Amino acid sequence: MARTEAHTTAQGAQGSAHGVARTEAHTTAQGAQGSAHGAVRTEAHTTARGAVEGAARTPLGITRLAQGPGHAVAITIDDGPDPRWTPQVLQVLRQNHVKATFCMIGTNAQKYPELVRAVAADGHRLCDHSADHDVTMDHKPVAYQRKQILDGKAMIQKAVPGVAVDYYRAPGGAFTPDSRAVATESGMQPLGWSVDPKDWSRPGLPAIVSAVEGKLPQQPTVLFHDGGGDRSETVAALKQYLPWLSARGYAFTFPVRATP
């Protein structure tokens with residue numbers, strides 16, 4: 001489930017210890033240590049380094065901004081697809097003429113391909129949320145992170161051949177420099193968020209609405225969920241929140257695909 005941005009930043013700092021963007025001098029020094037880090041890198045790590053050193057097609061930075069002018073907002077929906085809640089979320093979005101970004105867990109997409117197709121058919125964007133939603137993957141080997149990211153993307157794409165998967169959102173926001181490099185190498189923009197009502201924890205409808213209707217940052221990316229449990233509060237919150245945004249002149253867009 002979603003964690004705070006502070007936790008995301010902390011995990012990113014931990015991830016940097018893996019050395020995605022090492023200088024040549026530092027790499028030499030590490031090599032001198034020999035057994036401390038191993039003389040032979042895995043192929044996955046080497047590939048991730050290559051992405052950082054210039055091969056990446058997509059910016060490595062985690063975007064948290066909506067496309068367009070300051071009065072734009074990006075709605076993102078995580079942890080589906082789910083046979084009970086995804087259709088309800090789609091209906092609310094349709095009624096409010098809103099396009100969103102769905103961050104899908106690969107195994108869920110594999111289990112419910114018809115829901116992936118329904119999301120794509122409505123014009124929403126797709127985001128890889130890893131194969132299994134392992135929120136500890138930032139502590140796992142690079143080869144494991146790579147498999148989780150690429151398998152998740154492949155599972156989504158299998159359900160909707162030819163449809164782009166534009167973004168990658170780490171489970172719980174647990175990015176590492178390596179995972180960002182793997183995502184960008186595969187053409188996916190690392191995607192964070194700037195407004196988190198913690199709807200996954202079911203804090204109650206008033207708490208969710210208060211969180212999302214509070215002081216919004218510029219070009220916000222707002223986090224909601226359509227999977228991982230009872231999402232009735234999320235559906236109810238969207239029914240209130242989307243008209244509230246429209247009444248205040250917000251335009252609904254997708255997250256930017258560039259480093260903020």
# chains A, B, ... in the order shown; residues from 1 in each chain; ligands from 1
$ select_by_dssp --residues "stretch 26-253 of chain A" --states "alpha helix (DSSP H)" --output "short mmCIF file (atom, residue, chain, number, x, y, z; two decimals) with N, CA and C atoms, in the first residue's frame"
data_model
loop_
_atom_site.label_atom_id
_atom_site.label_comp_id
_atom_site.auth_asym_id
_atom_site.auth_seq_id
_atom_site.Cartn_x
_atom_site.Cartn_y
_atom_site.Cartn_z
N HIS A 26 34.89 6.11 -7.95
CA HIS A 26 34.25 5.34 -6.89
C HIS A 26 34.13 3.89 -7.28
N THR A 27 33.81 3.63 -8.55
CA THR A 27 33.71 2.26 -9.04
C THR A 27 35.04 1.55 -8.88
N THR A 28 36.14 2.25 -9.19
CA THR A 28 37.47 1.66 -9.06
C THR A 28 37.76 1.32 -7.60
N ALA A 29 37.39 2.26 -6.71
CA ALA A 29 37.63 2.03 -5.29
C ALA A 29 36.85 0.84 -4.79
N GLN A 30 35.61 0.74 -5.22
CA GLN A 30 34.78 -0.38 -4.79
C GLN A 30 35.36 -1.69 -5.31
N GLY A 31 35.87 -1.65 -6.54
CA GLY A 31 36.46 -2.86 -7.11
C GLY A 31 37.64 -3.32 -6.31
N ALA A 32 38.41 -2.35 -5.75
CA ALA A 32 39.58 -2.70 -4.96
C ALA A 32 39.19 -3.44 -3.69
N GLN A 33 38.01 -3.22 -3.22
CA GLN A 33 37.56 -3.91 -2.01
C GLN A 33 37.29 -5.38 -2.27
N GLU A 43 24.14 -9.27 -14.71
CA GLU A 43 23.78 -8.63 -15.97
C GLU A 43 22.74 -7.56 -15.75
N ALA A 44 21.81 -7.81 -14.82
CA ALA A 44 20.75 -6.82 -14.55
C ALA A 44 21.35 -5.52 -14.03
N HIS A 45 22.34 -5.63 -13.12
CA HIS A 45 22.93 -4.42 -12.57
C HIS A 45 23.69 -3.66 -13.65
N THR A 46 24.41 -4.39 -14.48
CA THR A 46 25.14 -3.74 -15.55
C THR A 46 24.20 -2.99 -16.48
N THR A 47 23.08 -3.62 -16.81
CA THR A 47 22.10 -2.97 -17.68
C THR A 47 21.53 -1.72 -17.04
N ALA A 48 21.24 -1.81 -15.74
CA ALA A 48 20.70 -0.65 -15.04
C ALA A 48 21.70 0.50 -15.05
N ARG A 49 23.00 0.20 -14.84
CA ARG A 49 24.01 1.23 -14.89
C ARG A 49 24.05 1.88 -16.27
N GLY A 50 23.92 1.05 -17.29
CA GLY A 50 23.95 1.59 -18.65
C GLY A 50 22.84 2.58 -18.88
N TRP A 85 -14.16 -3.56 -7.58
CA TRP A 85 -13.97 -2.13 -7.41
C TRP A 85 -13.56 -1.40 -8.68
N THR A 86 -12.79 -2.04 -9.55
CA THR A 86 -12.37 -1.35 -10.76
C THR A 86 -13.56 -0.90 -11.62
N PRO A 87 -14.56 -1.76 -11.86
CA PRO A 87 -15.71 -1.28 -12.64
C PRO A 87 -16.42 -0.09 -11.99
N GLN A 88 -16.49 -0.06 -10.66
CA GLN A 88 -17.13 1.06 -9.98
C GLN A 88 -16.32 2.35 -10.13
N VAL A 89 -15.00 2.22 -10.02
CA VAL A 89 -14.14 3.40 -10.22
C VAL A 89 -14.26 3.89 -11.65
N LEU A 90 -14.26 2.97 -12.61
CA LEU A 90 -14.40 3.36 -14.01
C LEU A 90 -15.70 4.10 -14.25
N GLN A 91 -16.77 3.65 -13.62
CA GLN A 91 -18.06 4.29 -13.79
C GLN A 91 -18.05 5.72 -13.27
N VAL A 92 -17.44 5.93 -12.09
CA VAL A 92 -17.36 7.28 -11.53
C VAL A 92 -16.52 8.18 -12.43
N LEU A 93 -15.40 7.68 -12.92
CA LEU A 93 -14.56 8.47 -13.82
C LEU A 93 -15.32 8.82 -15.09
N ARG A 94 -16.05 7.86 -15.61
CA ARG A 94 -16.81 8.09 -16.84
C ARG A 94 -17.88 9.16 -16.63
N GLN A 95 -18.57 9.09 -15.52
CA GLN A 95 -19.63 10.06 -15.24
C GLN A 95 -19.10 11.48 -15.09
N GLY A 106 0.88 -6.69 -11.72
CA GLY A 106 0.94 -7.61 -12.85
C GLY A 106 0.11 -8.86 -12.68
N THR A 107 0.16 -9.48 -11.51
CA THR A 107 -0.61 -10.71 -11.30
C THR A 107 -2.11 -10.45 -11.34
N ASN A 108 -2.53 -9.27 -10.92
CA ASN A 108 -3.96 -8.92 -11.03
C ASN A 108 -4.35 -8.72 -12.49
N ALA A 109 -3.47 -8.06 -13.26
CA ALA A 109 -3.73 -7.88 -14.68
C ALA A 109 -3.80 -9.21 -15.40
N GLN A 110 -2.95 -10.12 -14.99
CA GLN A 110 -2.94 -11.46 -15.58
C GLN A 110 -4.22 -12.22 -15.24
N LYS A 111 -4.74 -12.01 -14.05
CA LYS A 111 -5.94 -12.71 -13.60
C LYS A 111 -7.21 -12.11 -14.20
N PRO A 113 -7.68 -9.92 -17.24
CA PRO A 113 -7.28 -9.16 -18.45
C PRO A 113 -8.42 -8.35 -19.04
N GLU A 114 -9.65 -8.81 -18.84
CA GLU A 114 -10.78 -8.06 -19.38
C GLU A 114 -10.91 -6.69 -18.71
N LEU A 115 -10.49 -6.58 -17.46
CA LEU A 115 -10.53 -5.29 -16.78
C LEU A 115 -9.43 -4.36 -17.26
N VAL A 116 -8.28 -4.94 -17.58
CA VAL A 116 -7.20 -4.13 -18.18
C VAL A 116 -7.69 -3.55 -19.50
N ARG A 117 -8.36 -4.38 -20.28
CA ARG A 117 -8.88 -3.91 -21.57
C ARG A 117 -9.96 -2.85 -21.38
N ALA A 118 -10.78 -2.99 -20.35
CA ALA A 118 -11.83 -2.00 -20.09
C ALA A 118 -11.21 -0.65 -19.70
N VAL A 119 -10.15 -0.68 -18.90
CA VAL A 119 -9.46 0.56 -18.52
C VAL A 119 -8.87 1.23 -19.75
N ALA A 120 -8.19 0.45 -20.58
CA ALA A 120 -7.57 1.02 -21.78
C ALA A 120 -8.62 1.53 -22.76
N ALA A 121 -9.73 0.81 -22.89
CA ALA A 121 -10.79 1.20 -23.83
C ALA A 121 -11.41 2.53 -23.45
N VAL A 142 19.20 -6.49 -7.26
CA VAL A 142 18.80 -5.79 -8.48
C VAL A 142 18.11 -6.73 -9.46
N ALA A 143 18.62 -7.94 -9.56
CA ALA A 143 18.02 -8.90 -10.49
C ALA A 143 16.55 -9.17 -10.13
N TYR A 144 16.25 -9.22 -8.84
CA TYR A 144 14.87 -9.41 -8.39
C TYR A 144 14.02 -8.20 -8.74
N GLN A 145 14.54 -7.00 -8.47
CA GLN A 145 13.80 -5.79 -8.81
C GLN A 145 13.50 -5.74 -10.31
N ARG A 146 14.50 -6.06 -11.09
CA ARG A 146 14.33 -6.04 -12.54
C ARG A 146 13.22 -7.00 -12.98
N LYS A 147 13.23 -8.19 -12.43
CA LYS A 147 12.21 -9.19 -12.80
C LYS A 147 10.82 -8.72 -12.40
N GLN A 148 10.69 -8.15 -11.20
CA GLN A 148 9.39 -7.66 -10.76
C GLN A 148 8.86 -6.56 -11.68
N ILE A 149 9.74 -5.67 -12.10
CA ILE A 149 9.33 -4.55 -12.95
C ILE A 149 8.97 -5.02 -14.35
N LEU A 150 9.85 -5.80 -14.95
CA LEU A 150 9.63 -6.20 -16.34
C LEU A 150 8.53 -7.25 -16.46
N ASP A 151 8.42 -8.14 -15.48
CA ASP A 151 7.32 -9.11 -15.51
C ASP A 151 5.98 -8.41 -15.35
N GLY A 152 5.93 -7.42 -14.45
CA GLY A 152 4.68 -6.68 -14.27
C GLY A 152 4.25 -6.00 -15.55
N LYS A 153 5.19 -5.35 -16.21
CA LYS A 153 4.87 -4.69 -17.48
C LYS A 153 4.39 -5.69 -18.51
N ALA A 154 5.07 -6.83 -18.61
CA ALA A 154 4.71 -7.84 -19.61
C ALA A 154 3.30 -8.40 -19.36
N MET A 155 2.95 -8.58 -18.10
CA MET A 155 1.62 -9.10 -17.77
C MET A 155 0.52 -8.12 -18.18
N ILE A 156 0.78 -6.84 -17.97
CA ILE A 156 -0.20 -5.82 -18.37
C ILE A 156 -0.31 -5.78 -19.89
N GLN A 157 0.83 -5.77 -20.56
CA GLN A 157 0.83 -5.68 -22.03
C GLN A 157 0.19 -6.90 -22.69
N LYS A 158 0.32 -8.05 -22.06
CA LYS A 158 -0.29 -9.25 -22.63
C LYS A 158 -1.81 -9.12 -22.69
N ALA A 159 -2.38 -8.40 -21.72
CA ALA A 159 -3.83 -8.22 -21.69
C ALA A 159 -4.30 -7.24 -22.76
N PRO A 177 17.62 3.70 -7.01
CA PRO A 177 18.21 4.13 -8.27
C PRO A 177 18.22 3.02 -9.31
N ASP A 178 18.44 1.77 -8.87
CA ASP A 178 18.42 0.65 -9.81
C ASP A 178 17.04 0.44 -10.41
N SER A 179 16.00 0.47 -9.59
CA SER A 179 14.65 0.23 -10.11
C SER A 179 14.23 1.35 -11.06
N ARG A 180 14.63 2.57 -10.75
CA ARG A 180 14.31 3.67 -11.65
C ARG A 180 15.04 3.50 -12.99
N ALA A 181 16.28 3.01 -12.92
CA ALA A 181 17.03 2.80 -14.15
C ALA A 181 16.41 1.70 -15.00
N VAL A 182 15.99 0.61 -14.37
CA VAL A 182 15.34 -0.48 -15.10
C VAL A 182 14.05 0.01 -15.75
N ALA A 183 13.26 0.79 -15.01
CA ALA A 183 12.00 1.30 -15.55
C ALA A 183 12.25 2.21 -16.75
N THR A 184 13.19 3.12 -16.61
CA THR A 184 13.42 4.07 -17.70
C THR A 184 14.01 3.38 -18.92
N GLU A 185 14.84 2.38 -18.68
CA GLU A 185 15.39 1.60 -19.78
C GLU A 185 14.27 0.96 -20.59
N LEU A 205 -14.67 8.20 5.15
CA LEU A 205 -14.90 9.13 4.05
C LEU A 205 -14.52 10.57 4.40
N PRO A 206 -14.91 11.11 5.55
CA PRO A 206 -14.53 12.51 5.86
C PRO A 206 -13.03 12.72 5.85
N ALA A 207 -12.26 11.75 6.36
CA ALA A 207 -10.81 11.91 6.40
C ALA A 207 -10.22 11.92 5.00
N ILE A 208 -10.73 11.06 4.13
CA ILE A 208 -10.22 11.02 2.75
C ILE A 208 -10.53 12.33 2.04
N VAL A 209 -11.77 12.76 2.14
CA VAL A 209 -12.19 13.99 1.46
C VAL A 209 -11.42 15.19 1.99
N SER A 210 -11.22 15.25 3.30
CA SER A 210 -10.47 16.35 3.90
C SER A 210 -9.04 16.38 3.37
N ALA A 211 -8.43 15.21 3.24
CA ALA A 211 -7.04 15.13 2.77
C ALA A 211 -6.91 15.61 1.33
N VAL A 212 -7.84 15.24 0.47
CA VAL A 212 -7.71 15.58 -0.94
C VAL A 212 -8.24 16.97 -1.26
N SER A 232 -14.78 0.79 -0.92
CA SER A 232 -16.04 1.53 -0.96
C SER A 232 -15.83 2.99 -0.57
N GLU A 233 -14.93 3.26 0.39
CA GLU A 233 -14.67 4.65 0.78
C GLU A 233 -14.00 5.42 -0.36
N THR A 234 -13.15 4.74 -1.12
CA THR A 234 -12.50 5.38 -2.26
C THR A 234 -13.52 5.78 -3.31
N VAL A 235 -14.42 4.85 -3.63
CA VAL A 235 -15.45 5.14 -4.62
C VAL A 235 -16.30 6.32 -4.17
N ALA A 236 -16.70 6.32 -2.90
CA ALA A 236 -17.51 7.42 -2.37
C ALA A 236 -16.73 8.74 -2.41
N ALA A 237 -15.45 8.68 -2.10
CA ALA A 237 -14.63 9.90 -2.11
C ALA A 237 -14.49 10.45 -3.52
N LEU A 238 -14.28 9.59 -4.49
CA LEU A 238 -14.18 10.04 -5.88
C LEU A 238 -15.47 10.70 -6.34
N LYS A 239 -16.61 10.18 -5.90
CA LYS A 239 -17.90 10.77 -6.28
C LYS A 239 -18.02 12.21 -5.78
N GLN A 240 -17.39 12.51 -4.66
CA GLN A 240 -17.42 13.88 -4.14
C GLN A 240 -16.28 14.73 -4.70
N TYR A 241 -15.11 14.12 -4.80
CA TYR A 241 -13.90 14.88 -5.10
C TYR A 241 -13.83 15.35 -6.55
N LEU A 242 -14.21 14.49 -7.48
CA LEU A 242 -14.08 14.87 -8.88
C LEU A 242 -14.98 16.06 -9.24
N PRO A 243 -16.25 16.10 -8.83
CA PRO A 243 -17.06 17.30 -9.08
C PRO A 243 -16.51 18.53 -8.35
N TRP A 244 -15.94 18.32 -7.17
CA TRP A 244 -15.35 19.43 -6.40
C TRP A 244 -14.20 20.05 -7.19
N LEU A 245 -13.35 19.22 -7.78
CA LEU A 245 -12.24 19.73 -8.60
C LEU A 245 -12.76 20.46 -9.84
N SER A 246 -13.73 19.86 -10.50
CA SER A 246 -14.29 20.48 -11.70
C SER A 246 -14.88 21.85 -11.40
N ALA A 247 -15.58 21.95 -10.28
CA ALA A 247 -16.20 23.22 -9.91
C ALA A 247 -15.17 24.31 -9.64
#
$ residues_around --residues "A:Thr253" --least-positions-apart "4" --cutoff "8 Å" --atoms "only C-alpha atoms" --output "list of chain:residue names"
A:Ala66, A:Gln67, A:Gly68, A:Ala72, A:Val73, A:Ala74, A:Ile75, A:Lys99, A:Ala100
$ closest_residue --among "A:Val98, A:Leu126, A:Val160, A:Val222" --to "A:Gly192" --atoms "only C-alpha atoms"
A:Val222
$ residues_around --residues "A:Cys127" --least-positions-apart "6" --cutoff "9 Å" --atoms "only C-alpha atoms" --output "list in words"
Asp78, Thr101, Phe102, Cys103, Met104, Ile105, Lys153, Ile156, Ala164, Val165, Asp166, Tyr167, Tyr168, Arg169, Met188, Gln189 and Leu191 of chain A
$ write_last_selection --atoms "C-alpha atoms" --output "PDB file, in the first residue's frame"
ATOM      1  CA  ASP A  78      -3.366   1.792  -7.627  1.00  0.00           C
ATOM      2  CA  THR A 101      -3.681   6.599 -14.694  1.00  0.00           C
ATOM      3  CA  PHE A 102      -4.144   3.045 -13.427  1.00  0.00           C
ATOM      4  CA  CYS A 103      -1.102   1.541 -11.688  1.00  0.00           C
ATOM      5  CA  MET A 104      -1.752  -2.174 -12.013  1.00  0.00           C
ATOM      6  CA  ILE A 105      -0.223  -5.140 -10.218  1.00  0.00           C
ATOM      7  CA  LYS A 153       4.868  -4.686 -17.476  1.00  0.00           C
ATOM      8  CA  ILE A 156      -0.198  -5.820 -18.373  1.00  0.00           C
ATOM      9  CA  ALA A 164       1.672   1.541 -24.021  1.00  0.00           C
ATOM     10  CA  VAL A 165       2.590   1.185 -20.363  1.00  0.00           C
ATOM     11  CA  ASP A 166       3.893   4.703 -19.769  1.00  0.00           C
ATOM     12  CA  TYR A 167       4.793   4.714 -16.082  1.00  0.00           C
ATOM     13  CA  TYR A 168       6.290   2.621 -13.297  1.00  0.00           C
ATOM     14  CA  ARG A 169       5.265   3.155  -9.667  1.00  0.00           C
ATOM     15  CA  MET A 188       8.512   3.910 -18.284  1.00  0.00           C
ATOM     16  CA  GLN A 189       8.571   7.149 -16.285  1.00  0.00           C
ATOM     17  CA  LEU A 191       5.842   7.895 -10.973  1.00  0.00           C
TER      18      LEU A 191
END
$ closest_residue --among "A:Ser201, A:Ala170, A:Phe252, A:Pro81" --to "A:Gln219" --atoms "only C-alpha atoms"
A:Phe252
$ closest_residue --among "A:Ser186, A:Thr136, A:Ser194, A:Ser130" --to "A:Leu223" --atoms "only C-alpha atoms"
A:Ser194
$ select_by_dssp --residues "stretch 45-220 of chain A" --states "strand (DSSP E)" --output "number ranges by chain"
A: 72-78, 101-104, 125-128, 165-168, 189-190
$ atom_distance --atom1 "atom CA of A:His124" --atom2 "atom CA of A:Asn96"
13.4 Å
